[in-house]
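Colleague: See protein-v1.cif below, with mmCIF, C-alpha atoms.
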```cif
data_target
loop_
_atom_site.label_atom_id
_atom_site.label_comp_id
_atom_site.auth_asym_id
_atom_site.auth_seq_id
_atom_site.Cartn_x
_atom_site.Cartn_y
_atom_site.Cartn_z
CA VAL O 1 38.13 63.99 -61.83
CA ASP O 2 36.17 63.17 -64.99
CA VAL O 3 36.58 59.39 -65.08
CA VAL O 4 36.90 56.78 -62.35
CA ILE O 5 38.91 53.66 -63.23
CA SER O 6 38.18 50.69 -60.99
CA LEU O 7 40.49 47.70 -60.83
CA LEU O 8 38.72 46.37 -57.75
CA PRO O 9 36.94 43.00 -57.72
CA PRO O 10 33.59 42.85 -59.56
CA SER O 11 31.68 42.65 -56.27
CA CYS O 12 32.72 46.26 -55.57
CA HIS O 13 31.62 47.77 -58.89
CA GLY O 14 27.95 48.21 -57.97
CA ILE O 15 28.84 50.45 -55.02
CA ILE O 16 31.39 52.36 -57.07
CA ALA O 17 28.91 52.79 -59.95
CA LYS O 18 26.23 54.19 -57.62
CA THR O 19 28.72 56.73 -56.29
CA CYS O 20 29.80 57.66 -59.82
CA ILE O 21 26.17 58.19 -60.79
CA GLU O 22 25.62 60.45 -57.78
CA LEU O 23 28.77 62.44 -58.58
CA LYS O 24 28.19 62.33 -62.36
CA LYS O 25 31.56 60.75 -63.11
CA HIS O 26 32.16 58.23 -65.89
CA LEU O 27 33.27 54.74 -64.79
CA VAL O 28 35.59 52.24 -66.46
CA THR O 29 36.02 48.82 -64.85
CA ALA O 30 38.41 45.96 -65.53
CA SER O 31 35.57 43.44 -65.15
CA TYR O 32 32.72 42.33 -67.34
CA VAL O 33 29.41 44.13 -66.76
CA ASP O 34 27.29 42.06 -64.38
CA ASP O 35 23.66 42.30 -63.23
CA SER O 36 24.48 44.90 -60.54
CA LEU O 37 25.76 47.27 -63.23
CA LEU O 38 23.04 46.43 -65.74
CA LYS O 39 20.42 47.46 -63.18
CA LEU O 40 22.05 50.91 -63.02
CA ASP O 41 21.97 51.49 -66.78
CA GLN O 42 19.01 53.89 -66.79
CA ASP O 43 20.33 55.79 -63.75
CA ALA O 44 23.69 56.22 -65.49
CA LYS O 45 22.01 57.45 -68.67
CA SER O 46 19.88 59.90 -66.66
CA ALA O 47 23.06 61.20 -64.97
CA GLY O 48 24.68 61.62 -68.38
CA ILE O 49 27.55 59.23 -67.66
CA SER O 50 28.94 56.10 -69.26
CA ILE O 51 29.81 52.87 -67.46
CA LEU O 52 32.26 50.82 -69.49
CA GLY O 53 33.30 47.30 -68.53
CA GLU O 54 35.84 44.80 -69.77
CA MET O 55 35.62 44.28 -73.52
CA GLY O 56 37.35 40.91 -73.85
CA LEU O 57 40.86 42.17 -74.59
CA ASP O 58 43.90 40.07 -73.82
CA PRO O 59 44.19 39.35 -70.08
CA GLY O 60 46.56 41.82 -68.46
CA ILE O 61 46.22 44.70 -70.92
CA ASP O 62 44.22 46.76 -68.41
CA ASP O 63 46.78 46.09 -65.66
CA LYS O 64 49.71 47.02 -67.87
CA THR O 65 47.95 50.16 -69.14
CA VAL O 66 47.22 51.38 -65.62
CA LEU O 67 50.80 50.61 -64.54
CA ALA O 68 52.10 52.62 -67.52
CA ILE O 69 49.88 55.56 -66.52
CA PHE O 70 51.09 55.33 -62.90
CA MET O 71 54.71 55.31 -64.03
CA LYS O 72 54.20 58.34 -66.31
CA THR O 73 52.50 60.35 -63.58
CA GLN O 74 54.88 59.35 -60.79
CA GLY O 75 56.49 62.51 -59.52
CA PRO O 76 58.83 63.22 -56.63
CA GLY O 77 57.98 61.43 -53.41
CA PRO O 78 57.31 57.88 -52.36
CA LEU O 79 57.00 55.29 -55.09
CA LEU O 80 53.40 54.59 -56.01
CA SER O 81 52.53 50.94 -55.65
CA ALA O 82 49.54 48.86 -56.66
CA ASN O 83 48.51 45.37 -55.69
CA HIS O 84 47.90 43.06 -58.61
CA HIS O 85 45.24 40.38 -58.36
CA GLN O 86 44.32 38.48 -61.48
CA ASN O 87 42.15 35.41 -61.89
CA LYS O 88 43.95 32.45 -63.39
CA ILE O 89 42.37 29.48 -65.14
#
```
Translate this structure into structure tokens?

Modeller:
Amino acid sequence: VDVVISLLPPSCHGIIAKTCIELKKHLVTASYVDDSLLKLDQDAKSAGISILGEMGLDPGIDDKTVLAIFMKTQGPGPLLSANHHQNKI
């Protein structure tokens, strides 16, 4: 694994980022970078990894991209499923 993609709620990203720093794995999240991630900036740089958050693209692009990846990689066996939670205004 070279990159971790997190579609979990923003409150989980700090824990995930700390683990990625320890394991020296890049992290991409579907949420905007918050204070918990900003505080880890220097640690991530020291570990040689990038932490990339939401960049303001159309809502749903990240979900549809991940679903497309899941569908491409789905091999024989049980159907892979993912829960979809999206904030609505």

Colleague: Residues picked by the PyMOL selection byres ((chain O and resi 51) around 6) here, as a list in words?

Modeller: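 This file, filtered by the PyMOL selection byres ((chain O and resi 51) around 6), leaves Leu27, Val28, Ser50 and Leu52 of chain O.
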
Colleague: Around the point (29.1, 58.0, -58.7) (coordinates from the file), which residues reach within 12 Å if we count all atoms listed in the file? Answer as a ChimeraX atom specification.

Modeller: /O:1-6,13-28,40,43-44,47-51

Colleague: Please measure the separation of atom CA of O:Asp35 and atom CA of O:Pro10, giving the value in Å to one decimal.

Modeller: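 One can read the atom CA of O:Asp35 to atom CA of O:Pro10 distance as 10.6 Å.
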
Colleague: Expressed in Å to a single decimal, how great is the separation between atom CA of O:Lys45 and atom CA of O:Ser11?

Modeller: 21.6 Å

Colleague: As a check of understanding, name the residues that the PyMOL selection byres ((chain O and resi 54) around 8) selects in the supplied structure, as a ChimeraX atom specification.

Modeller: /O:29-33,52-53,55-57

Colleague: What's the separation between atom CA of O:Asp34 and atom CA of O:Leu67, in Å to one decimal place?

Modeller: 25.0 Å
